[in-house]
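Structure below is target_27.txt: compact mmCIF, C-alpha atoms.
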# COMPACT_ATOMS: atom_id res chain seq x y z
CA MET A 18 -41.50 -36.68 15.87
CA SER A 19 -38.93 -36.03 13.18
CA ARG A 20 -39.15 -32.63 11.52
CA HIS A 21 -38.87 -32.29 7.78
CA ARG A 22 -35.85 -30.88 6.01
CA GLN A 23 -37.73 -28.85 3.44
CA ARG A 24 -38.34 -25.18 4.06
CA SER A 25 -41.29 -24.56 6.32
CA THR A 26 -44.20 -22.65 4.84
CA ARG A 27 -45.04 -21.07 8.18
CA THR A 28 -43.37 -19.73 11.28
CA ALA A 29 -43.49 -22.04 14.27
CA ALA A 30 -44.67 -19.64 16.95
CA HIS A 31 -46.65 -19.93 20.16
CA ARG A 32 -48.00 -16.42 19.58
CA ASP A 33 -47.70 -15.73 23.30
CA THR A 34 -48.44 -12.07 22.71
CA GLY A 35 -48.31 -10.89 26.32
CA ARG A 36 -44.97 -12.28 27.47
CA VAL A 37 -42.21 -9.95 28.61
CA TYR A 38 -38.97 -11.72 29.51
CA ALA A 39 -37.00 -10.69 32.58
CA ASP A 40 -33.77 -10.69 30.57
CA ARG A 41 -32.08 -12.41 27.63
CA GLU A 42 -31.33 -15.51 29.67
CA ALA A 43 -35.03 -15.91 30.46
CA GLY A 44 -35.83 -15.50 26.78
CA GLY A 45 -33.24 -18.13 25.97
CA ARG A 46 -34.74 -20.61 28.40
CA ALA A 47 -38.20 -20.12 26.88
CA LEU A 48 -36.77 -20.63 23.40
CA ALA A 49 -34.82 -23.70 24.51
CA GLU A 50 -38.05 -25.30 25.76
CA VAL A 51 -39.47 -25.02 22.25
CA LEU A 52 -36.33 -26.13 20.42
CA ARG A 53 -35.76 -29.25 22.52
CA GLU A 54 -38.96 -30.73 21.04
CA TYR A 55 -37.30 -30.89 17.62
CA ASP A 56 -35.01 -33.61 16.31
CA TRP A 57 -31.63 -32.11 15.47
CA VAL A 58 -28.77 -33.63 13.52
CA GLU A 59 -25.34 -32.59 14.87
CA PRO A 60 -26.69 -29.17 15.87
CA VAL A 61 -24.54 -26.07 16.04
CA VAL A 62 -25.94 -22.98 17.77
CA LEU A 63 -24.72 -19.58 16.56
CA GLY A 64 -25.62 -16.51 18.58
CA LEU A 65 -25.92 -13.24 16.69
CA ALA A 66 -23.53 -10.90 18.46
CA ARG A 67 -23.87 -9.38 20.72
CA GLY A 68 -27.33 -9.63 22.24
CA GLY A 69 -28.15 -13.00 20.71
CA VAL A 70 -25.26 -14.79 22.40
CA PRO A 71 -26.77 -14.98 25.95
CA VAL A 72 -29.98 -16.33 24.39
CA ALA A 73 -28.06 -18.82 22.27
CA ALA A 74 -26.04 -20.00 25.27
CA GLU A 75 -29.23 -21.19 26.98
CA VAL A 76 -30.21 -23.06 23.81
CA ALA A 77 -26.77 -24.62 23.40
CA GLY A 78 -26.80 -25.75 27.01
CA GLU A 79 -30.22 -27.36 26.66
CA LEU A 80 -29.35 -29.13 23.40
CA GLY A 81 -25.83 -30.07 24.45
CA ALA A 82 -24.63 -28.38 21.28
CA PRO A 83 -21.53 -26.27 20.67
CA LEU A 84 -22.00 -22.52 20.80
CA GLY A 85 -20.50 -20.27 18.16
CA VAL A 86 -20.95 -16.67 17.16
CA ALA A 87 -22.23 -14.95 14.05
CA VAL A 88 -21.57 -11.28 13.46
CA ALA A 89 -23.49 -8.95 11.15
CA ARG A 90 -23.48 -5.19 11.17
CA LYS A 91 -26.40 -2.97 10.34
CA ILE A 92 -25.96 -0.15 7.84
CA GLY A 93 -27.92 2.79 9.15
CA ALA A 94 -29.70 5.47 7.19
CA PRO A 95 -27.87 8.80 6.86
CA GLY A 96 -28.47 10.77 10.04
CA ARG A 97 -30.47 7.88 11.52
CA PRO A 98 -27.98 5.12 12.40
CA GLU A 99 -30.59 3.18 14.37
CA PHE A 100 -32.72 2.73 11.23
CA GLY A 101 -31.21 -0.21 9.37
CA ILE A 102 -31.39 -0.03 5.59
CA GLY A 103 -28.79 -2.73 4.97
CA ALA A 104 -26.42 -5.17 6.63
CA VAL A 105 -23.14 -6.94 6.01
CA THR A 106 -21.24 -9.96 7.30
CA ALA A 107 -17.56 -10.80 7.03
CA HIS A 108 -17.77 -12.40 3.60
CA GLY A 109 -21.38 -12.61 2.44
CA PRO A 110 -23.23 -10.28 0.08
CA VAL A 111 -24.45 -6.88 1.21
CA VAL A 112 -28.14 -7.03 2.05
CA VAL A 113 -30.10 -3.90 1.18
CA ASP A 114 -33.65 -2.95 2.11
CA GLU A 115 -34.42 -1.68 -1.37
CA GLN A 116 -37.77 -0.16 -0.44
CA SER A 117 -36.24 1.92 2.36
CA VAL A 118 -33.34 2.95 0.14
CA ARG A 119 -35.73 4.16 -2.57
CA MET A 120 -37.80 6.05 -0.02
CA LEU A 121 -34.67 7.89 1.04
CA GLY A 122 -33.85 8.82 -2.54
CA MET A 123 -30.74 6.65 -2.56
CA THR A 124 -29.38 3.78 -4.62
CA PRO A 125 -27.70 0.61 -3.30
CA SER A 126 -24.32 1.90 -4.49
CA ASP A 127 -24.70 4.83 -2.08
CA LEU A 128 -24.14 2.31 0.73
CA ASP A 129 -20.79 1.03 -0.57
CA GLU A 130 -18.62 3.16 1.72
CA ALA A 131 -20.66 2.36 4.83
CA ALA A 132 -20.78 -1.33 3.88
CA ALA A 133 -16.98 -1.52 3.58
CA ARG A 134 -16.54 0.20 6.94
CA GLU A 135 -19.01 -2.09 8.70
CA ARG A 136 -17.52 -5.21 7.10
CA GLU A 137 -14.13 -4.32 8.60
CA GLU A 138 -15.80 -3.98 12.00
CA VAL A 139 -17.41 -7.41 11.58
CA ARG A 140 -14.02 -8.98 10.92
CA ARG A 141 -12.47 -7.20 13.89
CA ARG A 142 -15.18 -8.45 16.21
CA LEU A 143 -14.90 -12.01 14.92
CA ASP A 144 -11.18 -11.96 15.70
CA VAL A 145 -11.90 -10.70 19.21
CA TYR A 146 -14.58 -13.31 19.87
CA GLN A 147 -12.90 -16.33 18.30
CA ARG A 148 -9.51 -15.66 19.93
CA GLY A 149 -7.82 -18.02 17.51
CA ARG A 150 -10.44 -20.74 17.96
CA ASP A 151 -11.43 -22.49 14.74
CA PRO A 152 -15.14 -22.15 13.96
CA GLU A 153 -17.29 -25.27 14.01
CA ARG A 154 -17.79 -27.19 10.79
CA LEU A 155 -21.29 -26.43 9.47
CA GLU A 156 -21.51 -28.62 6.37
CA GLY A 157 -24.15 -31.32 6.69
CA ARG A 158 -25.24 -30.18 10.16
CA ASP A 159 -28.32 -28.43 11.55
CA VAL A 160 -27.35 -24.81 12.15
CA LEU A 161 -29.47 -22.69 14.48
CA VAL A 162 -28.99 -18.93 14.24
CA VAL A 163 -30.30 -17.41 17.47
CA ASP A 164 -30.96 -13.77 18.31
CA ASP A 165 -32.74 -11.98 21.15
CA GLY A 166 -35.45 -10.88 18.74
CA LEU A 167 -36.32 -10.18 15.13
CA ALA A 168 -37.34 -6.64 14.19
CA THR A 169 -36.56 -5.71 10.58
CA GLY A 170 -34.68 -8.92 9.82
CA VAL A 171 -31.91 -7.23 7.85
CA THR A 172 -29.00 -8.55 9.96
CA ALA A 173 -30.58 -12.01 10.20
CA THR A 174 -30.95 -12.12 6.42
CA ALA A 175 -27.32 -11.17 5.87
CA THR A 176 -26.21 -13.83 8.33
CA LEU A 177 -28.32 -16.58 6.81
CA ARG A 178 -27.12 -15.81 3.30
CA GLU A 179 -23.50 -16.06 4.35
CA LEU A 180 -24.05 -19.30 6.28
CA ARG A 181 -25.93 -20.92 3.40
CA ARG A 182 -22.61 -21.00 1.56
CA GLU A 183 -21.33 -23.46 4.19
CA ALA A 184 -23.86 -26.10 3.00
CA PRO A 185 -25.64 -26.83 6.30
CA ARG A 186 -28.14 -29.68 6.35
CA ARG A 187 -30.78 -27.33 7.73
CA LEU A 188 -30.53 -23.61 8.44
CA VAL A 189 -32.90 -22.34 11.13
CA PHE A 190 -33.47 -18.91 12.62
CA ALA A 191 -34.85 -18.84 16.17
CA ALA A 192 -35.69 -16.09 18.65
CA PRO A 193 -37.89 -15.57 21.70
CA VAL A 194 -39.86 -12.77 20.01
CA CYS A 195 -40.33 -11.77 16.36
CA ALA A 196 -42.15 -9.12 14.40
CA PRO A 197 -44.66 -11.13 12.33
CA GLN A 198 -43.89 -9.46 9.01
CA ALA A 199 -40.13 -9.89 9.43
CA ALA A 200 -40.55 -13.55 10.43
CA SER A 201 -42.64 -14.22 7.34
CA ALA A 202 -40.09 -12.54 5.05
CA LEU A 203 -37.21 -14.52 6.55
CA HIS A 204 -38.55 -17.77 5.09
CA ALA A 205 -36.88 -16.81 1.83
CA ASP A 206 -33.51 -17.50 3.47
CA ALA A 207 -34.19 -19.88 6.37
CA ASP A 208 -35.38 -23.47 6.17
CA GLU A 209 -37.46 -22.74 9.23
CA VAL A 210 -38.19 -19.72 11.43
CA ILE A 211 -39.01 -20.54 15.05
CA CYS A 212 -40.34 -17.85 17.38
CA VAL A 213 -41.75 -18.29 20.86
CA SER A 214 -44.07 -15.37 20.15
CA GLU A 215 -45.05 -13.03 17.34
CA PRO A 216 -46.86 -10.12 19.01
CA PRO A 217 -48.98 -8.17 16.52
CA PHE A 218 -48.10 -4.78 18.01
CA PHE A 219 -44.33 -5.03 17.68
CA GLN A 220 -42.31 -1.82 17.88
CA ALA A 221 -38.86 -2.89 19.09
CA VAL A 222 -37.20 -5.97 20.54
CA GLY A 223 -36.40 -4.17 23.79
CA GLN A 224 -40.08 -3.69 24.67
CA TRP A 225 -40.33 -7.45 25.33
CA TYR A 226 -37.54 -7.52 27.92
CA GLY A 227 -37.48 -6.13 31.44
CA ASN A 228 -33.69 -5.85 31.33
CA PHE A 229 -32.38 -5.11 27.86
CA SER A 230 -28.99 -3.71 28.81
CA GLN A 231 -26.24 -4.01 26.24
CA THR A 232 -24.27 -7.25 26.15
CA SER A 233 -20.53 -6.62 26.44
CA ASP A 234 -17.71 -8.18 24.44
CA ASP A 235 -16.41 -9.74 27.66
CA GLU A 236 -19.76 -11.47 28.23
CA VAL A 237 -19.75 -12.83 24.70
CA ILE A 238 -16.22 -14.18 25.08
CA ALA A 239 -16.99 -15.79 28.44
CA LEU A 240 -20.06 -17.57 27.07
CA LEU A 241 -18.21 -18.78 23.99
CA ASP A 242 -15.42 -20.15 26.18
CA ARG A 243 -17.94 -21.96 28.35
CA TYR A 244 -20.15 -23.48 25.66
CA ALA A 245 -17.83 -23.74 22.67
CA ARG A 246 -17.71 -27.52 22.72
CA GLY A 247 -21.19 -28.22 23.98
CA ALA A 248 -20.37 -27.99 27.70
CA ARG A 249 -23.18 -27.21 30.12

Entire entry expressed as structure tokens:
Amino acid sequence: MSRHRQRSTRTAAHRDTGRVYADREAGGRALAEVLREYDWVEPVVLGLARGGVPVAAEVAGELGAPLGVAVARKIGAPGRPEFGIGAVTAHGPVVVDEQSVRMLGMTPSDLDEAAAREREEVRRRLDVYQRGRDPERLEGRDVLVVDDGLATGVTATATLRELRREAPRRLVFAAPVCAPQAASALHADADEVICVSEPPFFQAVGQWYGNFSQTSDDEVIALLDRYARGAR
């Protein structure tokens, strides 16, 4: 059945609240099973570096689509770098969690220095991952942004806002597991949000994986080399 192009008013989720994936590859296979039921037009799969790339590789392999990479960097709260209050991409606008910033007694302009520093890191990583390879054309195509999970949604939002400038036919965010509130909020920037599960008691993405070890740059590069042109 053909899926509509308009923005979905709900998150497509199985709500499989008890599933814990063995690793990112297992999460990717579960996500690929869901995504293969959709009709895609010239799909491009972009893994959010770094942890989203192994998940996205499974999806790209299943769909026979090229695999690319998207990079966004979280801006952490002062003294709490793990608590994201903003995010940046290479060229898109800075995304700020205004509620969190106000709670910390800050203003968005207080993040300017950190945003500039993280943007430089995004560009450095893109150079490392692309290795001179031209990115896929996105205009008029279905673009799937894939991550290992959705927690606050700040990096996903930054990524989607940058990619929207490339005029994709449809811009979709997909992940094996999503925090329900974050998935709902992401509809403002995605045409559709597709999650295998949305567990109600969501604390962190890592709690839904048996092995959640950090993905290395070398792993990202190897997967991009293997799936860049839709190879299986």

* **atom CA of Asp165 of chain A to atom CA of Cys212 of chain A, distance in Å rounded to a single decimal** => 10.3 Å

* Find the residues near Ala168 of chain A: any atom within 7 Å, counting all atoms listed in the file, skip ones fewer than 6 places away on the same chain, and give them as a PyMOL selection string. => chain A and resi 195-196+199+221-222

* Select, from A:Val111, A:Leu161, A:Ala82, A:Leu128, the residue with the minimum atom-to-atom distance to Leu63 of chain A, counting all atoms listed in the file. => A:Leu161

Spatial neighbours of Val105 of chain A, max dist 10 Å, all atoms listed in the file, sep filter under 5 positions, as a compact mmCIF listing (two decimals) with C-alpha atoms, in the frame of the given file:
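So the final result, stored in selection.txt, reads:
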# COMPACT_ATOMS: atom_id res chain seq x y z
CA VAL A 88 -21.57 -11.28 13.46
CA ALA A 89 -23.49 -8.95 11.15
CA ARG A 90 -23.48 -5.19 11.17
CA LYS A 91 -26.40 -2.97 10.34
CA ILE A 92 -25.96 -0.15 7.84
CA PRO A 110 -23.23 -10.28 0.08
CA VAL A 111 -24.45 -6.88 1.21
CA VAL A 112 -28.14 -7.03 2.05
CA VAL A 113 -30.10 -3.90 1.18
CA ALA A 131 -20.66 2.36 4.83
CA ALA A 132 -20.78 -1.33 3.88
CA ALA A 133 -16.98 -1.52 3.58
CA ARG A 134 -16.54 0.20 6.94
CA GLU A 135 -19.01 -2.09 8.70
CA ARG A 136 -17.52 -5.21 7.10
CA GLU A 137 -14.13 -4.32 8.60
CA GLU A 138 -15.80 -3.98 12.00
CA VAL A 139 -17.41 -7.41 11.58
CA VAL A 171 -31.91 -7.23 7.85
CA THR A 172 -29.00 -8.55 9.96
CA ALA A 173 -30.58 -12.01 10.20
CA THR A 174 -30.95 -12.12 6.42
CA ALA A 175 -27.32 -11.17 5.87
CA THR A 176 -26.21 -13.83 8.33
CA GLU A 179 -23.50 -16.06 4.35

* To do: Calculate how many Å separate atom CA of Arg46 of chain A from atom CA of Arg181 of chain A, rounding to one decimal.
  =>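 According to the coordinates, atom CA of Arg46 of chain A and atom CA of Arg181 of chain A are separated by 26.5 Å.
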
* Suppose you want the space between atom CA of Asn228 of chain A and atom CA of Arg53 of chain A; what is it in Å? ->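 Atom-to-atom, atom CA of Asn228 of chain A and atom CA of Arg53 of chain A are spaced 25.1 Å apart.
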
* Residue nearest Leu240 of chain A among A:Asp114, A:Glu215, A:Glu75, A:Glu59 (counting all atoms listed in the file) -> A:Glu75

* To do: Find the spatial neighbours of Leu155 of chain A, counting all atoms listed in the file, within a cut-off of 10 Å - ignore same-chain residues fewer than 4 positions away - and output them as a VMD selection string.
  => chain A and resid 59 to 61 159 to 160 180 to 188

* Please tell me which residues are no farther than 8 Å from (-31.0, -26.6, 28.2) in the file, counting only C-alpha atoms, and write them as a PyMOL selection string. => chain A and resi 46+49-50+53+75-81

Once 6 Å is added on each side, what are the centre and the three edge lengths, in Å to one decimal, of the axis-aligned box enclosing the listed atoms of segment 199-211 of chain A? Present them as lines of an AutoDock Vina configuration file.
center_x = -38.1
center_y = -16.7
center_z = 8.4
size_x = 21.1
size_y = 25.6
size_z = 25.2

* Asked: For Val237 of chain A, which of A:Val37, A:Val145, A:Gly45, A:Val58 is the closest residue, counting only C-alpha atoms?
  ->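 Ranking A:Val37, A:Val145, A:Gly45, A:Val58 by distance to Val237 of chain A, first place goes to A:Val145.
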
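Nearest-residue note for Ala66 of chain A: choosing from A:Ala39, A:Gln198, A:Gln231, A:Ser117, the minimum distance belongs to A:Gln231, counting all atoms listed in the file.
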
* **For Gln147 of chain A: contacts at 9 Å, only C-alpha atoms, fewer than 2 positions along chain excluded, given as a list in words** =>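 After dropping sequence-adjacent residues, the list is Gly85, Val86, Arg142, Leu143, Asp144, Val145, Gly149, Arg150, Asp151, Pro152, Ile238 and Leu241 of chain A.
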
Just to be explicit: take each residue in the selection above, keep C-alpha atoms, and write the result as a CSV table (one decimal), in the frame of the given file.
chain,number,residue,atom,x,y,z
A,85,GLY,CA,-20.5,-20.3,18.2
A,86,VAL,CA,-21.0,-16.7,17.2
A,142,ARG,CA,-15.2,-8.4,16.2
A,143,LEU,CA,-14.9,-12.0,14.9
A,144,ASP,CA,-11.2,-12.0,15.7
A,145,VAL,CA,-11.9,-10.7,19.2
A,149,GLY,CA,-7.8,-18.0,17.5
A,150,ARG,CA,-10.4,-20.7,18.0
A,151,ASP,CA,-11.4,-22.5,14.7
A,152,PRO,CA,-15.1,-22.2,14.0
A,238,ILE,CA,-16.2,-14.2,25.1
A,241,LEU,CA,-18.2,-18.8,24.0

* To do: Could you tell me which of A:Val213, A:Ala43, A:Asp127, A:Val163 comes closest to Phe190 of chain A if we count all atoms listed in the file?
  =>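 Going through A:Val213, A:Ala43, A:Asp127, A:Val163 one by one, the smallest distance to Phe190 of chain A is for A:Val163.
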